[in-house]
Amino acid sequence: MNRLNRVLHAAVAALALSLATVPAVAADTIKLYQVSSGTLKLDKGYLTAMRDVGKIVEVPVAMYIIDHPRGLVVYDTGNNVAVSDGQCERHWGKMCASSYPTQKRNDVIDKQLEKFGYKTSDVKYLVLSHMHLDHAGNLEMFPNATVVVQKDEMKTAWWPEKYQRGVFVLADYDDARDFNYMELTGDFDLFGDGSVVVLDTKGHTQGHQSLMVKLKNTGTLLLAGDAVYTPENEAGVIPGITWNTYMSMESINRLKRLRDAHQGELWFSHGAEQYDQHKHDGYYD
Ligand SMILES: [Zn+2]
């Protein structure tokens with residue numbers, strides 16, 4: 001082996017060694033899956049105040065799985081597993097007649113995680129947009145996660161105003177009070193790198209929060225949760241259910257401003273048409 005060959009040989013060996021130490025997941029690789037906890041059949045007036053009241057619509061119940069190199073995140077957990085396969089009343093009572101869930105057992109968040117190779121125990125952060133029955137339904141499946149929720153939402157869920165009681169189902173979280181909570185009082189950058197940012201979007205409830213996710217190829221997604229149910233709300237129609245209408249409209253404006261500033265997209269929680277256009281058997285990156 002002449003000198004040049006020896007140098008080349010050493011260089012190739014060094015390159016192979018450095019490649020072997022590159023982590024399997026590059027730091028900027030974040031995967032986002034959008035799935036649905038079945039659908040709800042409900043009066044359109046629940047979504048758009050004084051618009052299409054009395055018209056029954058079928059809408060998805062969006063949930064998200066976000067695979068960040070530093071931990072798995074779930075944003076919203078859908079309807080409780082107990083309301084699967086037509087078994088609604090024993091868990092939701094009167095709510096079944098007004099927001100009939102079509103959820104099948106395989107639609108539930110634990111099965112959705114399994115579908116993509118994850119387990120509920122893999123989840124590091126469980127972010128809840130709020131604690132209504134179609135978003136916090138399966139909180140009790142995640143005893144190992146840190147639950148990221150606004151402090152005001154926790155207080156509301158455990159002691160709702162009388163007029164809010166129907167949509168907060170205590171049985172969804174009565175055994176979860178001793179879980180590990182990150183009780184927020186505003187925005188929070190979950191990994192400190194700007195890629196998954198919790199946004200205070202109160203108004204729908206006292207402690208509603210949305211999620212801003214930055215993906216390398218897809219760009220910035222504003223996952224609205226119930227801050228913006230449908231495109232009509234985005235266009236200025238007051239959402240059908242609000243705790244505080246003024247704050248609700250301010251939060252919609254906030255999300256739209258962020259969407260424009262980051263040249264991103266606003267994803268609705270219960271927007272059937274938009275949901276149908278998205279991919280659900282694979283990830284966005
Ligand atoms: Zn909802």
# chains A, B, ... in the order shown; residues from 1 in each chain; ligands from 1

$ residues_around --residues "stretch 187-198 of chain A" --least-positions-apart "3" --cutoff "9 Å" --atoms "only C-alpha atoms" --output "PyMOL selection string"
chain A and resi 30+66+68+70-71+125+127+148+184+209-215+220

$ residues_around --residues "A:Gly45" --least-positions-apart "6" --cutoff "10 Å" --atoms "only C-alpha atoms" --output "PDB file with C-alpha atoms, in the first residue's frame"
ATOM      1  CA  ARG A  51     -75.768  29.546  11.150  1.00  0.00           C
ATOM      2  CA  ASP A  52     -77.278  26.253   9.897  1.00  0.00           C
ATOM      3  CA  VAL A  53     -78.926  25.615  13.268  1.00  0.00           C
ATOM      4  CA  GLY A  54     -80.911  22.359  13.167  1.00  0.00           C
ATOM      5  CA  LYS A  55     -78.872  20.841  10.335  1.00  0.00           C
ATOM      6  CA  ILE A  56     -77.208  17.549  11.383  1.00  0.00           C
ATOM      7  CA  VAL A  57     -73.615  17.195  10.250  1.00  0.00           C
ATOM      8  CA  PRO A 239     -68.309  29.296  17.200  1.00  0.00           C
ATOM      9  CA  GLY A 240     -71.524  27.730  18.487  1.00  0.00           C
ATOM     10  CA  ILE A 241     -70.087  26.912  21.904  1.00  0.00           C
TER      11      ILE A 241
END

$ residues_around --residues "A:Asp107" --least-positions-apart "6" --cutoff "10 Å" --atoms "only C-alpha atoms" --output "MDAnalysis selection string"
chainID A and resid 35:39 78:79 81 84 113

$ closest_residue --among "A:Pro60, A:Pro69, A:Gly225, A:Pro231" --to "A:Gly207" --atoms "only C-alpha atoms"
A:Gly225

$ residues_near_ligand --ligand "ligand 1" --cutoff "9 Å" --atoms "only C-alpha atoms and all ligand atoms" --output "PyMOL selection string"
chain A and resi 61-62+78+130+132-135+225-226+229+269-270

$ closest_residue --among "A:Glu89, A:His204, A:Trp267, A:Asn217" --to "A:Ser248" --atoms "only C-alpha atoms"
A:His204

$ select_by_dssp --residues "stretch 40-212 of chain A" --states "strand (DSSP E or B)" --output "PyMOL selection string"
chain A and resi 40-43+48+56-68+71-75+99-101+123-127+146-150+180-184+188-189+196-200+209-212

$ write_last_selection --atoms "C-alpha atoms" --output "mmCIF file, in the first residue's frame"
data_model
loop_
_atom_site.group_PDB
_atom_site.id
_atom_site.type_symbol
_atom_site.label_atom_id
_atom_site.label_comp_id
_atom_site.auth_asym_id
_atom_site.auth_seq_id
_atom_site.Cartn_x
_atom_site.Cartn_y
_atom_site.Cartn_z
ATOM 1 C CA LEU A 40 -69.678 12.931 15.852
ATOM 2 C CA LYS A 41 -73.117 13.557 14.399
ATOM 3 C CA LEU A 42 -74.343 16.844 15.761
ATOM 4 C CA ASP A 43 -76.351 19.982 15.155
ATOM 5 C CA THR A 48 -71.484 27.890 13.978
ATOM 6 C CA ILE A 56 -77.208 17.549 11.383
ATOM 7 C CA VAL A 57 -73.615 17.195 10.250
ATOM 8 C CA GLU A 58 -71.013 14.454 10.671
ATOM 9 C CA VAL A 59 -67.582 15.718 11.665
ATOM 10 C CA PRO A 60 -64.227 14.141 12.569
ATOM 11 C CA VAL A 61 -62.681 14.307 16.046
ATOM 12 C CA ALA A 62 -59.074 15.186 15.237
ATOM 13 C CA MET A 63 -56.124 13.890 17.282
ATOM 14 C CA TYR A 64 -52.415 14.186 16.568
ATOM 15 C CA ILE A 65 -49.330 12.056 17.180
ATOM 16 C CA ILE A 66 -46.054 13.987 16.954
ATOM 17 C CA ASP A 67 -42.760 12.099 16.937
ATOM 18 C CA HIS A 68 -40.023 14.546 18.013
ATOM 19 C CA GLY A 71 -40.023 12.537 22.837
ATOM 20 C CA LEU A 72 -43.410 11.431 21.580
ATOM 21 C CA VAL A 73 -46.276 13.914 21.875
ATOM 22 C CA VAL A 74 -50.023 13.294 21.636
ATOM 23 C CA TYR A 75 -52.339 16.285 21.148
ATOM 24 C CA SER A 99 -73.442 14.452 19.665
ATOM 25 C CA TYR A 100 -73.788 10.857 18.614
ATOM 26 C CA PRO A 101 -70.288 9.250 18.390
ATOM 27 C CA VAL A 123 -45.862 9.103 25.110
ATOM 28 C CA LYS A 124 -43.758 11.713 26.915
ATOM 29 C CA TYR A 125 -46.099 14.700 26.656
ATOM 30 C CA LEU A 126 -49.882 14.485 26.446
ATOM 31 C CA VAL A 127 -51.099 17.925 25.417
ATOM 32 C CA THR A 146 -46.581 14.496 31.560
ATOM 33 C CA VAL A 147 -49.999 16.015 30.902
ATOM 34 C CA VAL A 148 -49.653 19.529 29.471
ATOM 35 C CA VAL A 149 -52.763 21.545 30.256
ATOM 36 C CA GLN A 150 -53.642 25.088 31.293
ATOM 37 C CA ASN A 180 -47.925 14.344 36.483
ATOM 38 C CA TYR A 181 -49.247 17.690 35.173
ATOM 39 C CA MET A 182 -47.449 20.596 33.589
ATOM 40 C CA GLU A 183 -49.960 23.253 34.621
ATOM 41 C CA LEU A 184 -49.448 26.146 32.241
ATOM 42 C CA PHE A 188 -44.897 27.155 26.273
ATOM 43 C CA ASP A 189 -42.227 25.951 23.838
ATOM 44 C CA VAL A 196 -43.804 22.324 19.117
ATOM 45 C CA VAL A 197 -45.250 25.392 20.841
ATOM 46 C CA VAL A 198 -48.320 25.390 23.069
ATOM 47 C CA LEU A 199 -50.433 28.516 22.473
ATOM 48 C CA ASP A 200 -52.895 30.025 24.908
ATOM 49 C CA GLN A 209 -54.711 25.780 24.096
ATOM 50 C CA SER A 210 -53.632 25.194 20.497
ATOM 51 C CA LEU A 211 -50.382 23.812 19.117
ATOM 52 C CA MET A 212 -47.970 25.313 16.585
#

$ select_by_dssp --residues "stretch 18-227 of chain A" --states "alpha helix (DSSP H)" --output "list of chain:residue names"
A:Ser18, A:Leu19, A:Ala20, A:Glu89, A:Arg90, A:His91, A:Trp92, A:Met95, A:Cys96, A:Ala97, A:Ser98, A:Ile109, A:Asp110, A:Lys111, A:Gln112, A:Leu113, A:Glu114, A:Lys115, A:Lys151, A:Asp152, A:Glu153, A:Met154, A:Lys155, A:Thr156, A:Ala157, A:Trp158

$ atom_distance --atom1 "atom CA of A:Lys151" --atom2 "atom CA of A:Asp76"
16.4 Å

$ atom_distance --atom1 "atom CA of A:Ile238" --atom2 "atom CA of A:Ala49"
5.5 Å

$ closest_residue --among "A:Lys94, A:Lys119, A:Arg254, A:His280" --to "A:Arg165" --atoms "only C-alpha atoms"
A:Lys94

$ closest_residue --among "A:Ala176, A:Ser129, A:Leu32, A:Leu139" --to "A:Tyr284" --atoms "only C-alpha atoms"
A:Leu32

$ atom_distance --atom1 "atom CA of A:Ala224" --atom2 "atom CA of A:Phe268"
5.6 Å

$ residues_around --residues "A:Gln263" --least-positions-apart "3" --cutoff "8 Å" --atoms "only C-alpha atoms" --output "PyMOL selection string"
chain A and resi 219-220+259-260

$ write_last_selection --atoms "C-alpha atoms" --output "mmCIF file, in the first residue's frame"
data_model
loop_
_atom_site.group_PDB
_atom_site.id
_atom_site.type_symbol
_atom_site.label_atom_id
_atom_site.label_comp_id
_atom_site.auth_asym_id
_atom_site.auth_seq_id
_atom_site.Cartn_x
_atom_site.Cartn_y
_atom_site.Cartn_z
ATOM 1 C CA GLY A 219 -44.045 23.990 7.024
ATOM 2 C CA THR A 220 -45.836 25.466 10.015
ATOM 3 C CA ARG A 259 -50.568 31.385 10.352
ATOM 4 C CA ASP A 260 -49.858 34.390 8.134
#

$ closest_residue --among "A:Lys104, A:Lys155, A:His262, A:Lys202" --to "A:Val228" --atoms "only C-alpha atoms"
A:Lys202
